[in-house]
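Coordinates from upload.pdb are shown below (PDB, C-alpha atoms).
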MODEL        1
ATOM      1  CA  MET F 277      77.270  19.755  -0.946
ATOM      2  CA  ARG F 278      75.939  23.279  -1.515
ATOM      3  CA  PRO F 279      72.168  23.675  -1.777
ATOM      4  CA  VAL F 280      70.693  24.227  -5.202
ATOM      5  CA  PRO F 281      68.973  27.664  -5.215
ATOM      6  CA  SER F 282      66.574  26.526  -7.954
ATOM      7  CA  LEU F 283      64.824  24.287  -5.409
ATOM      8  CA  GLY F 284      64.091  27.253  -3.183
ATOM      9  CA  ARG F 285      63.200  29.381  -6.183
ATOM     10  CA  ALA F 286      60.554  26.827  -7.163
ATOM     11  CA  GLU F 287      58.922  27.283  -3.749
ATOM     12  CA  LEU F 288      58.912  31.060  -4.181
ATOM     13  CA  ILE F 289      57.385  30.805  -7.645
ATOM     14  CA  LYS F 290      54.693  28.464  -6.302
ATOM     15  CA  ALA F 291      53.866  30.955  -3.560
ATOM     16  CA  ARG F 292      53.768  33.813  -6.062
ATOM     17  CA  ARG F 293      51.317  31.900  -8.251
ATOM     18  CA  LYS F 294      48.773  31.993  -5.444
ATOM     19  CA  GLY F 295      48.248  35.623  -6.382
ATOM     20  CA  GLY F 296      48.488  35.081 -10.140
ATOM     21  CA  GLY F 297      44.797  35.721 -10.728
ATOM     22  CA  LEU F 298      44.927  38.957  -8.764
ATOM     23  CA  ILE F 299      47.982  40.129 -10.705
ATOM     24  CA  PHE F 300      46.055  39.516 -13.932
ATOM     25  CA  TRP F 301      43.185  41.717 -12.769
ATOM     26  CA  ALA F 302      45.599  44.400 -11.591
ATOM     27  CA  PHE F 303      47.102  44.384 -15.085
ATOM     28  CA  VAL F 304      43.627  44.657 -16.631
ATOM     29  CA  PHE F 305      42.827  47.616 -14.386
ATOM     30  CA  SER F 306      46.162  49.159 -15.400
ATOM     31  CA  ILE F 307      45.048  49.064 -19.042
ATOM     32  CA  PHE F 308      41.928  51.096 -18.274
ATOM     33  CA  VAL F 309      43.796  53.442 -15.919
ATOM     34  CA  ASN F 310      46.298  54.280 -18.664
ATOM     35  CA  LEU F 311      43.552  54.712 -21.246
ATOM     36  CA  LEU F 312      41.816  57.131 -18.894
ATOM     37  CA  MET F 313      45.112  59.017 -18.588
ATOM     38  CA  LEU F 314      44.320  60.312 -22.075
ATOM     39  CA  THR F 315      41.378  62.232 -20.615
ATOM     40  CA  GLY F 316      43.460  65.271 -19.665
ATOM     41  CA  PRO F 317      45.218  65.733 -23.033
ATOM     42  CA  LEU F 318      41.992  65.199 -24.990
ATOM     43  CA  TYR F 319      40.153  67.680 -22.762
ATOM     44  CA  MET F 320      42.848  70.303 -23.323
ATOM     45  CA  LEU F 321      42.735  69.634 -27.050
ATOM     46  CA  GLN F 322      38.978  70.137 -27.210
ATOM     47  CA  VAL F 323      38.963  73.230 -25.001
ATOM     48  CA  TYR F 324      41.716  75.069 -26.886
ATOM     49  CA  ASP F 325      40.717  74.083 -30.404
ATOM     50  CA  ARG F 326      36.910  73.912 -30.227
ATOM     51  CA  VAL F 327      35.453  75.508 -27.124
ATOM     52  CA  LEU F 328      37.511  78.700 -27.315
ATOM     53  CA  ALA F 329      36.977  78.914 -31.056
ATOM     54  CA  SER F 330      33.210  78.409 -30.842
ATOM     55  CA  ARG F 331      32.822  80.274 -27.515
ATOM     56  CA  SER F 332      30.214  77.678 -26.503
ATOM     57  CA  VAL F 333      29.602  77.556 -22.759
ATOM     58  CA  GLU F 334      27.316  74.538 -23.133
ATOM     59  CA  THR F 335      30.069  72.510 -24.806
ATOM     60  CA  LEU F 336      32.529  73.491 -22.085
ATOM     61  CA  VAL F 337      30.118  72.427 -19.309
ATOM     62  CA  ALA F 338      29.337  69.103 -21.015
ATOM     63  CA  LEU F 339      33.028  68.332 -21.552
ATOM     64  CA  SER F 340      33.866  69.273 -17.964
ATOM     65  CA  ILE F 341      31.177  66.987 -16.531
ATOM     66  CA  LEU F 342      32.357  64.118 -18.728
ATOM     67  CA  VAL F 343      35.986  64.676 -17.722
ATOM     68  CA  ALA F 344      35.064  64.768 -14.014
ATOM     69  CA  GLY F 345      33.315  61.419 -14.350
ATOM     70  CA  LEU F 346      36.227  59.859 -16.220
ATOM     71  CA  PHE F 347      38.760  61.067 -13.660
ATOM     72  CA  ALA F 348      36.564  59.702 -10.846
ATOM     73  CA  LEU F 349      36.490  56.327 -12.598
ATOM     74  CA  MET F 350      40.262  56.430 -13.017
ATOM     75  CA  ALA F 351      40.699  57.127  -9.295
ATOM     76  CA  VAL F 352      38.487  54.140  -8.406
ATOM     77  CA  LEU F 353      40.388  51.785 -10.730
ATOM     78  CA  ASP F 354      43.784  53.048  -9.553
ATOM     79  CA  PHE F 355      42.743  52.552  -5.920
ATOM     80  CA  ALA F 356      41.410  49.083  -6.743
ATOM     81  CA  ARG F 357      44.615  47.885  -8.378
ATOM     82  CA  GLY F 358      46.622  49.164  -5.401
ATOM     83  CA  ARG F 359      44.432  47.154  -3.018
ATOM     84  CA  ILE F 360      44.727  44.110  -5.271
ATOM     85  CA  MET F 361      48.538  44.224  -5.241
ATOM     86  CA  ALA F 362      48.532  44.606  -1.456
ATOM     87  CA  ARG F 363      46.613  41.329  -1.271
ATOM     88  CA  VAL F 364      49.031  39.679  -3.691
ATOM     89  CA  GLY F 365      51.827  40.504  -1.255
ATOM     90  CA  ALA F 366      49.737  39.224   1.654
ATOM     91  CA  ARG F 367      49.072  35.913  -0.107
ATOM     92  CA  PHE F 368      52.741  35.512  -0.912
ATOM     93  CA  GLN F 369      53.743  36.122   2.697
ATOM     94  CA  THR F 370      51.006  33.863   4.081
ATOM     95  CA  ALA F 371      52.049  31.035   1.772
ATOM     96  CA  LEU F 372      55.640  31.193   3.038
ATOM     97  CA  ASP F 373      55.363  32.333   6.651
ATOM     98  CA  GLY F 374      55.091  28.824   8.086
ATOM     99  CA  ARG F 375      57.755  27.374   5.798
ATOM    100  CA  VAL F 376      60.252  30.175   6.522
ATOM    101  CA  PHE F 377      59.615  30.047  10.260
ATOM    102  CA  GLU F 378      60.084  26.285  10.278
ATOM    103  CA  ALA F 379      63.324  26.644   8.318
ATOM    104  CA  THR F 380      64.654  29.280  10.719
ATOM    105  CA  LEU F 381      63.937  27.033  13.688
ATOM    106  CA  ARG F 382      65.722  24.079  12.124
ATOM    107  CA  ARG F 383      68.751  26.113  11.070
ATOM    108  CA  SER F 384      69.003  28.250  14.210
ATOM    109  CA  VAL F 385      70.448  25.293  16.153
ATOM    110  CA  LYS F 386      73.672  25.902  14.249
ATOM    111  CA  PRO F 387      75.505  28.951  15.646
ATOM    112  CA  GLN F 388      76.799  29.969  12.206
ATOM    113  CA  ASP F 389      73.225  30.058  10.854
ATOM    114  CA  GLN F 390      71.634  32.144  13.589
ATOM    115  CA  ALA F 391      72.312  35.401  11.769
ATOM    116  CA  LEU F 392      70.787  34.033   8.568
ATOM    117  CA  SER F 393      67.703  32.936  10.482
ATOM    118  CA  THR F 394      67.090  36.540  11.539
ATOM    119  CA  ALA F 395      67.871  38.082   8.152
ATOM    120  CA  VAL F 396      65.651  35.722   6.138
ATOM    121  CA  LEU F 397      62.537  36.992   7.913
ATOM    122  CA  ARG F 398      63.432  40.520   6.792
ATOM    123  CA  ASP F 399      63.992  39.185   3.270
ATOM    124  CA  LEU F 400      60.447  37.816   3.224
ATOM    125  CA  ASP F 401      59.120  41.187   4.380
ATOM    126  CA  ALA F 402      61.113  42.928   1.626
ATOM    127  CA  VAL F 403      59.552  40.798  -1.123
ATOM    128  CA  GLN F 404      56.066  41.268   0.341
ATOM    129  CA  THR F 405      56.650  45.038   0.484
ATOM    130  CA  PHE F 406      57.644  45.049  -3.183
ATOM    131  CA  PHE F 407      54.338  43.482  -4.238
ATOM    132  CA  ALA F 408      52.412  46.174  -2.352
ATOM    133  CA  SER F 409      54.655  49.099  -3.367
ATOM    134  CA  PRO F 410      53.981  51.692  -6.109
ATOM    135  CA  VAL F 411      57.048  50.516  -8.035
ATOM    136  CA  LEU F 412      55.285  47.379  -9.294
ATOM    137  CA  LEU F 413      52.356  49.447 -10.547
ATOM    138  CA  ALA F 414      54.839  51.768 -12.257
ATOM    139  CA  LEU F 415      56.394  48.757 -13.995
ATOM    140  CA  MET F 416      52.911  47.825 -15.234
ATOM    141  CA  ASP F 417      52.541  51.345 -16.653
ATOM    142  CA  ILE F 418      55.903  51.432 -18.455
ATOM    143  CA  PRO F 419      54.650  49.422 -21.506
ATOM    144  CA  TRP F 420      52.291  52.332 -22.201
ATOM    145  CA  THR F 421      55.169  54.786 -22.583
ATOM    146  CA  PRO F 422      55.738  53.938 -26.298
ATOM    147  CA  ILE F 423      52.000  54.259 -26.950
ATOM    148  CA  PHE F 424      51.859  57.754 -25.444
ATOM    149  CA  ILE F 425      54.975  58.766 -27.371
ATOM    150  CA  ALA F 426      53.406  57.426 -30.594
ATOM    151  CA  ALA F 427      50.375  59.640 -29.866
ATOM    152  CA  ILE F 428      52.701  62.672 -29.660
ATOM    153  CA  PHE F 429      53.876  61.908 -33.209
ATOM    154  CA  LEU F 430      50.291  62.499 -34.346
ATOM    155  CA  PHE F 431      50.545  66.118 -33.237
ATOM    156  CA  HIS F 432      53.902  66.763 -34.936
ATOM    157  CA  PRO F 433      56.843  64.480 -35.876
ATOM    158  CA  MET F 434      59.440  66.760 -34.268
ATOM    159  CA  LEU F 435      57.606  66.644 -30.942
ATOM    160  CA  GLY F 436      57.572  62.868 -31.212
ATOM    161  CA  TRP F 437      61.298  62.656 -31.846
ATOM    162  CA  LEU F 438      61.962  64.982 -28.915
ATOM    163  CA  ALA F 439      59.914  62.623 -26.730
ATOM    164  CA  VAL F 440      61.842  59.604 -28.061
ATOM    165  CA  ALA F 441      65.198  61.250 -27.331
ATOM    166  CA  GLY F 442      64.092  62.230 -23.823
ATOM    167  CA  GLY F 443      62.692  58.787 -23.064
ATOM    168  CA  ALA F 444      65.840  57.083 -24.323
ATOM    169  CA  PHE F 445      67.991  59.318 -22.118
ATOM    170  CA  LEU F 446      65.886  58.457 -19.062
ATOM    171  CA  ILE F 447      66.222  54.738 -19.837
ATOM    172  CA  VAL F 448      69.995  55.139 -20.022
ATOM    173  CA  LEU F 449      69.884  56.891 -16.655
ATOM    174  CA  ALA F 450      67.853  54.004 -15.213
ATOM    175  CA  LEU F 451      70.423  51.478 -16.435
ATOM    176  CA  LEU F 452      73.291  53.538 -15.024
ATOM    177  CA  ASN F 453      71.428  53.799 -11.749
ATOM    178  CA  GLN F 454      71.168  50.018 -11.564
ATOM    179  CA  VAL F 455      74.813  49.420 -12.464
ATOM    180  CA  LEU F 456      76.276  52.056 -10.158
ATOM    181  CA  THR F 457      74.045  51.606  -7.109
ATOM    182  CA  MET F 458      73.386  47.858  -7.037
ATOM    183  CA  GLN F 459      76.683  46.959  -5.366
ATOM    184  CA  LYS F 460      76.508  49.918  -2.992
ATOM    185  CA  VAL F 461      73.029  48.953  -1.829
ATOM    186  CA  ARG F 462      74.118  45.321  -1.499
ATOM    187  CA  LYS F 463      77.126  46.246   0.665
ATOM    188  CA  ALA F 464      74.956  48.476   2.837
ATOM    189  CA  GLN F 465      72.469  45.659   3.379
ATOM    190  CA  LEU F 466      75.233  43.216   4.286
ATOM    191  CA  ALA F 467      76.734  45.707   6.739
ATOM    192  CA  GLN F 468      73.379  46.238   8.431
ATOM    193  CA  GLN F 469      72.718  42.497   8.573
ATOM    194  CA  GLY F 470      76.166  42.012  10.124
ATOM    195  CA  ALA F 471      75.324  44.531  12.827
ATOM    196  CA  HIS F 472      72.019  42.797  13.593
ATOM    197  CA  SER F 473      73.772  39.426  13.642
ATOM    198  CA  PHE F 474      76.373  40.699  16.106
ATOM    199  CA  ALA F 475      73.621  42.048  18.362
ATOM    200  CA  ASP F 476      71.792  38.696  18.285
ATOM    201  CA  GLN F 477      74.979  36.829  19.193
ATOM    202  CA  ALA F 478      75.682  39.274  22.014
ATOM    203  CA  ARG F 479      72.198  38.799  23.436
ATOM    204  CA  GLY F 480      72.558  35.031  23.171
ATOM    205  CA  GLY F 481      75.749  35.159  25.235
ATOM    206  CA  GLY F 482      74.576  37.973  27.496
ATOM    207  CA  GLU F 483      75.351  36.151  30.736
ATOM    208  CA  ILE F 484      78.950  35.514  29.721
ATOM    209  CA  VAL F 485      79.408  39.088  28.495
ATOM    210  CA  LEU F 486      78.086  40.570  31.745
ATOM    211  CA  SER F 487      79.932  38.137  34.003
ATOM    212  CA  GLN F 488      83.282  38.942  32.377
ATOM    213  CA  GLY F 489      82.661  42.700  32.224
ATOM    214  CA  MET F 490      82.824  42.816  28.435
ATOM    215  CA  GLN F 491      79.719  44.924  27.918
ATOM    216  CA  GLY F 492      81.758  48.041  27.126
ATOM    217  CA  VAL F 493      83.841  46.267  24.493
ATOM    218  CA  MET F 494      80.814  44.607  22.965
ATOM    219  CA  ARG F 495      78.960  47.919  22.896
ATOM    220  CA  ASP F 496      81.841  49.644  21.121
ATOM    221  CA  ARG F 497      82.104  46.863  18.557
ATOM    222  CA  TRP F 498      78.356  46.966  17.916
ATOM    223  CA  VAL F 499      78.375  50.760  17.554
ATOM    224  CA  ALA F 500      81.275  50.495  15.111
ATOM    225  CA  ARG F 501      79.362  47.968  13.000
ATOM    226  CA  ARG F 502      76.229  50.105  13.131
ATOM    227  CA  ASN F 503      78.161  53.201  12.073
ATOM    228  CA  ASP F 504      79.741  51.311   9.194
ATOM    229  CA  GLY F 505      76.337  50.126   8.020
ATOM    230  CA  LEU F 506      74.925  53.635   8.428
ATOM    231  CA  ASP F 507      77.767  55.192   6.413
ATOM    232  CA  GLN F 508      77.285  52.727   3.590
ATOM    233  CA  SER F 509      73.510  53.201   3.662
ATOM    234  CA  ILE F 510      73.914  56.962   3.421
ATOM    235  CA  GLY F 511      76.346  56.544   0.531
ATOM    236  CA  ALA F 512      73.950  54.279  -1.357
ATOM    237  CA  SER F 513      71.045  56.623  -0.613
ATOM    238  CA  ASP F 514      73.049  59.588  -1.913
ATOM    239  CA  TRP F 515      73.723  57.835  -5.209
ATOM    240  CA  THR F 516      70.120  56.726  -5.637
ATOM    241  CA  GLY F 517      68.793  60.122  -4.606
ATOM    242  CA  SER F 518      71.060  61.950  -7.039
ATOM    243  CA  PHE F 519      69.741  59.884  -9.940
ATOM    244  CA  ALA F 520      66.136  60.381  -8.833
ATOM    245  CA  SER F 521      66.571  64.153  -8.435
ATOM    246  CA  PHE F 522      68.292  64.535 -11.798
ATOM    247  CA  THR F 523      65.609  62.436 -13.471
ATOM    248  CA  LYS F 524      62.842  64.594 -12.016
ATOM    249  CA  ALA F 525      64.577  67.835 -13.054
ATOM    250  CA  PHE F 526      65.275  66.509 -16.549
ATOM    251  CA  ARG F 527      61.657  65.421 -17.033
ATOM    252  CA  MET F 528      60.430  68.883 -16.056
ATOM    253  CA  PHE F 529      62.948  70.477 -18.425
ATOM    254  CA  LEU F 530      61.855  68.127 -21.191
ATOM    255  CA  GLN F 531      58.226  69.156 -20.726
ATOM    256  CA  SER F 532      59.228  72.817 -20.969
ATOM    257  CA  ALA F 533      61.261  72.042 -24.074
ATOM    258  CA  MET F 534      58.240  70.273 -25.554
ATOM    259  CA  LEU F 535      56.086  73.301 -24.802
ATOM    260  CA  GLY F 536      58.623  75.671 -26.360
ATOM    261  CA  LEU F 537      59.036  73.542 -29.472
ATOM    262  CA  GLY F 538      55.280  73.204 -29.782
ATOM    263  CA  ALA F 539      54.862  76.981 -29.498
ATOM    264  CA  TYR F 540      57.346  77.439 -32.345
ATOM    265  CA  TYR F 541      55.341  75.170 -34.638
ATOM    266  CA  VAL F 542      52.116  76.908 -33.584
ATOM    267  CA  LEU F 543      53.686  80.186 -34.720
ATOM    268  CA  GLN F 544      54.584  78.466 -37.983
ATOM    269  CA  ASN F 545      50.933  77.359 -38.352
ATOM    270  CA  GLU F 546      51.997  73.686 -38.370
ATOM    271  CA  MET F 547      49.943  72.705 -35.321
ATOM    272  CA  THR F 548      47.217  74.067 -33.047
ATOM    273  CA  PRO F 549      47.590  75.459 -29.511
ATOM    274  CA  GLY F 550      45.517  72.541 -28.204
ATOM    275  CA  SER F 551      47.936  70.043 -29.741
ATOM    276  CA  MET F 552      50.839  71.878 -28.121
ATOM    277  CA  ILE F 553      49.308  71.591 -24.637
ATOM    278  CA  ALA F 554      48.094  68.015 -25.152
ATOM    279  CA  GLY F 555      51.534  66.893 -26.368
ATOM    280  CA  THR F 556      53.200  68.361 -23.274
ATOM    281  CA  ILE F 557      50.765  66.573 -20.945
ATOM    282  CA  LEU F 558      51.211  63.291 -22.828
ATOM    283  CA  LEU F 559      54.987  63.564 -22.508
ATOM    284  CA  GLY F 560      54.737  63.956 -18.739
ATOM    285  CA  ARG F 561      52.447  60.935 -18.538
ATOM    286  CA  ALA F 562      54.718  58.862 -20.767
ATOM    287  CA  LEU F 563      57.814  59.519 -18.652
ATOM    288  CA  ALA F 564      56.173  59.401 -15.215
ATOM    289  CA  PRO F 565      56.469  55.582 -14.775
ATOM    290  CA  ILE F 566      60.199  55.716 -15.530
ATOM    291  CA  GLU F 567      60.723  58.493 -12.996
ATOM    292  CA  GLN F 568      58.635  56.692 -10.381
ATOM    293  CA  SER F 569      60.529  53.441 -10.926
ATOM    294  CA  MET F 570      63.848  55.180 -10.358
ATOM    295  CA  GLY F 571      62.530  56.864  -7.220
ATOM    296  CA  GLN F 572      61.509  53.465  -5.823
ATOM    297  CA  TRP F 573      64.660  51.698  -7.033
ATOM    298  CA  PRO F 574      65.901  50.744  -3.511
ATOM    299  CA  VAL F 575      62.637  48.853  -2.916
ATOM    300  CA  LEU F 576      63.173  46.894  -6.125
ATOM    301  CA  GLN F 577      66.801  46.122  -5.311
ATOM    302  CA  ARG F 578      65.964  45.078  -1.768
ATOM    303  CA  ALA F 579      63.197  42.770  -3.027
ATOM    304  CA  ARG F 580      65.460  41.196  -5.636
ATOM    305  CA  SER F 581      68.143  40.588  -3.021
ATOM    306  CA  GLY F 582      65.524  39.174  -0.623
ATOM    307  CA  TRP F 583      64.158  36.856  -3.335
ATOM    308  CA  ARG F 584      67.643  35.500  -4.031
ATOM    309  CA  ASN F 585      68.427  35.051  -0.332
ATOM    310  CA  LEU F 586      65.110  33.304   0.320
ATOM    311  CA  ALA F 587      65.672  30.904  -2.573
ATOM    312  CA  THR F 588      69.129  29.982  -1.290
ATOM    313  CA  TYR F 589      67.977  29.671   2.311
ATOM    314  CA  LEU F 590      64.941  27.474   1.625
ATOM    315  CA  ALA F 591      66.970  25.250  -0.691
ATOM    316  CA  GLY F 592      69.140  24.325   2.290
ATOM    317  CA  VAL F 593      66.209  23.099   4.405
ATOM    318  CA  THR F 594      63.825  20.502   2.992
ATOM    319  CA  PRO F 595      60.188  20.754   4.155
ATOM    320  CA  ALA F 596      59.355  18.578   7.142
ATOM    321  CA  ALA F 597      57.656  15.285   6.357
ATOM    322  CA  GLY F 598      53.896  15.513   6.447
ATOM    323  CA  ARG F 599      53.933  19.296   6.534
ATOM    324  CA  SER F 600      50.633  20.598   5.192
ATOM    325  CA  GLU F 601      50.481  23.497   2.799
ATOM    326  CA  GLU F 602      49.518  26.903   4.050
ATOM    327  CA  HIS F 603      45.850  27.760   3.667
ATOM    328  CA  THR F 604      44.955  31.153   2.237
ATOM    329  CA  SER F 605      41.167  30.798   2.057
ATOM    330  CA  GLU F 606      40.671  33.742   4.417
ATOM    331  CA  LEU F 607      42.700  36.039   2.194
ATOM    332  CA  GLN F 608      41.069  34.721  -0.956
ATOM    333  CA  SER F 609      37.627  35.527   0.426
ATOM    334  CA  ARG F 610      38.506  39.193   0.985
TER     335      ARG F 610
ENDMDL
END
Just dump the structure as structure tokens.
Amino acid sequence: MRPVPSLGRAELIKARRKGGGLIFWAFVFSIFVNLLMLTGPLYMLQVYDRVLASRSVETLVALSILVAGLFALMAVLDFARGRIMARVGARFQTALDGRVFEATLRRSVKPQDQALSTAVLRDLDAVQTFFASPVLLALMDIPWTPIFIAAIFLFHPMLGWLAVAGGAFLIVLALLNQVLTMQKVRKAQLAQQGAHSFADQARGGGEIVLSQGMQGVMRDRWVARRNDGLDQSIGASDWTGSFASFTKAFRMFLQSAMLGLGAYYVLQNEMTPGSMIAGTILLGRALAPIEQSMGQWPVLQRARSGWRNLATYLAGVTPAAGRSEEHTSELQSR
């Protein structure tokens, strides 16, 4: 009877909940970080539309000091949420380290499961890396994209619609990136795991290989597997990199287009120069999380694959009787 992955998934969810409180605070910090992102556009708006018009040095100095303080606060909060997410990943790994190690020991007695026992440890590392990576923070920032775009509508409706069209195009690119690269990344991971599995089996039977003079054949077979995995990894990286590069170039073009369109409406006396600059900065901030998510897409895919593999693997090995739960009091006290 095949194991039920939902049983293993329940263990993963339980381990993830150990950092639930920290994730909540990271989300709260993300709210304030994104609100403070409005500091730059508002500063530009005030400088172009009020300071230059009034030629008041005192106003400029006061605004600059206020902006410096707000940006310093934003840096502190952004650093804090990064440290928090690193500890979420640490708690997740600590909660599962003993369970995964125990499962690998119990399944490694079967020759056909030895490769899985090695790969599952890398799967756990992949999920822990995802929690501590910038991609998760970018996903927390994405809900603010519509809010920033709505703010652009306040400057001029046409600028807002340009931002909507650009954001929609980037979302379509993100979906295409997932569809077209998911299988390529998956095949590359399987090829690399196959190469590692072959190396583990060769080391396990090293005495037989050396005694029969098969080291040359085994080396050639291992190199062939490694080259296959490398070729597929390069292919997947090329696809992912092409999407990331195009996304970055398109975002920069979109900001220039926003600036040009804003300049046109300034010449038509339908908006102020400060609004033109502020709208361009807001557009870049609105689209930055999407671009960052696409740049870190392999981390997300690797974590999702590792989560699925861990759930399936743990479902096949029931916890040992009397096994105590992992204690994370040391991490919680940090």
Hey, what comes out of the PyMOL selection byres ((chain F and resi 567) around 12) on this file? Could you write it as a PyMOL selection string? chain F and resi 410-411+414-415+417-418+421+442-443+445-447+449-450+453+517+519-528+560-566+568-573
Using the chain letters and numbers from the file, give me the residues hit by the PyMOL selection byres ((chain F and resi 286) around 12), as a PDB file with C-alpha atoms, keeping the file's coordinate frame.
ATOM      1  CA  VAL F 280      70.693  24.227  -5.202  1.00  0.00           C
ATOM      2  CA  PRO F 281      68.973  27.664  -5.215  1.00  0.00           C
ATOM      3  CA  SER F 282      66.574  26.526  -7.954  1.00  0.00           C
ATOM      4  CA  LEU F 283      64.824  24.287  -5.409  1.00  0.00           C
ATOM      5  CA  GLY F 284      64.091  27.253  -3.183  1.00  0.00           C
ATOM      6  CA  ARG F 285      63.200  29.381  -6.183  1.00  0.00           C
ATOM      7  CA  GLU F 287      58.922  27.283  -3.749  1.00  0.00           C
ATOM      8  CA  LEU F 288      58.912  31.060  -4.181  1.00  0.00           C
ATOM      9  CA  ILE F 289      57.385  30.805  -7.645  1.00  0.00           C
ATOM     10  CA  LYS F 290      54.693  28.464  -6.302  1.00  0.00           C
ATOM     11  CA  ALA F 291      53.866  30.955  -3.560  1.00  0.00           C
ATOM     12  CA  ARG F 292      53.768  33.813  -6.062  1.00  0.00           C
ATOM     13  CA  ARG F 293      51.317  31.900  -8.251  1.00  0.00           C
ATOM     14  CA  TRP F 583      64.158  36.856  -3.335  1.00  0.00           C
ATOM     15  CA  ARG F 584      67.643  35.500  -4.031  1.00  0.00           C
ATOM     16  CA  LEU F 586      65.110  33.304   0.320  1.00  0.00           C
ATOM     17  CA  ALA F 587      65.672  30.904  -2.573  1.00  0.00           C
ATOM     18  CA  THR F 588      69.129  29.982  -1.290  1.00  0.00           C
ATOM     19  CA  LEU F 590      64.941  27.474   1.625  1.00  0.00           C
ATOM     20  CA  ALA F 591      66.970  25.250  -0.691  1.00  0.00           C
TER      21      ALA F 591
END
Would you pick out the contacts of Ala348 of chain F at 12 Å or less, using only C-alpha atoms, so that residues sharing its chain but fewer than 5 positions from it are not included, and give the list as a list in words?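 Residues near the query, excluding close chain neighbours: Val309, Leu312, Met313, Thr315, Ile341, Leu342, Val343, Leu353, Asp354 and Phe355 of chain F.
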Given the choices F:Thr405, F:Ser340, F:Asn503, F:Thr380, which gets closest to Ala362 of chain F if the distance is worked out from all atoms listed in the file?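 Closest to Ala362 of chain F, using all atoms listed in the file: F:Thr405.
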Would you work out the distance separating atom CA of Gly295 of chain F from atom CA of Phe406 of chain F, expressed in Å to one decimal?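 Taking atom CA of Gly295 of chain F as the start and atom CA of Phe406 of chain F as the end point, the length is 13.7 Å.
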Let me have the centre and edge lengths in Å, one decimal, of the box along x, y and z around every listed atom of segment 584-589 of chain F with 3 Å of margin on each side, as lines of an AutoDock Vina configuration file.
center_x = 67.1
center_y = 32.6
center_z = -0.9
size_x = 10.0
size_y = 11.8
size_z = 12.3
Rank nothing, just name the residue among F:Thr548, F:Gly436, F:Pro574, F:Gly555 nearest to Ser509 of chain F, using all atoms listed in the file.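 Checking each candidate against Ser509 of chain F, we get F:Pro574 as the closest.
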Tell me, in Å to one decimal, how far atom CA of Leu435 of chain F is from atom CA of Leu314 of chain F. 17.2 Å
Check the smallest atom-to-atom distance from each of F:Ile360, F:Val575, F:Met416, F:Leu311 to Phe347 of chain F using all atoms listed in the file, then report the winner. F:Leu311
One decimal, in Å: what's the spacing between atom CA of Val403 of chain F and atom CA of Tyr589 of chain F? 14.4 Å
Val364 of chain F environment, 7 Å, all atoms listed in the file, sequence neighbours closer than 3 positions dropped, as a PDB file with C-alpha atoms, in the coordinates of the input:
ATOM      1  CA  GLY F 295      48.248  35.623  -6.382  1.00  0.00           C
ATOM      2  CA  LEU F 298      44.927  38.957  -8.764  1.00  0.00           C
ATOM      3  CA  ILE F 360      44.727  44.110  -5.271  1.00  0.00           C
ATOM      4  CA  MET F 361      48.538  44.224  -5.241  1.00  0.00           C
ATOM      5  CA  ARG F 367      49.072  35.913  -0.107  1.00  0.00           C
ATOM      6  CA  PHE F 368      52.741  35.512  -0.912  1.00  0.00           C
ATOM      7  CA  PHE F 407      54.338  43.482  -4.238  1.00  0.00           C
TER       8      PHE F 407
END
F:Gln369, F:Thr594, F:Gln577, F:Thr556: which is nearest Pro317 of chain F, counting only C-alpha atoms?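 Closest to Pro317 of chain F, using only C-alpha atoms: F:Thr556.
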Evaluated on this file, the PyMOL selection byres ((chain F and resi 401) around 12) picks out some residues - which ones are they, written as JSON, numbers by chain? {"F": [365, 366, 368, 369, 370, 372, 373, 376, 394, 395, 396, 397, 398, 399, 400, 402, 403, 404, 405, 406, 407, 408, 409, 575, 578, 579, 580, 581, 582, 583, 586]}
Calculated over all atoms listed in the file, which of the candidates F:Val593, F:Leu559, F:Leu413, F:Leu452 has the smallest distance to Leu576 of chain F?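 Ranked by minimum distance to Leu576 of chain F, first place goes to F:Leu413.
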Considering all atoms listed in the file, state which residue in the set F:Ile423, F:Val455, F:Leu339, F:Leu430 is at the smallest distance from Ser551 of chain F.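 Comparing F:Ile423, F:Val455, F:Leu339, F:Leu430 against Ser551 of chain F, the winner is F:Leu430.
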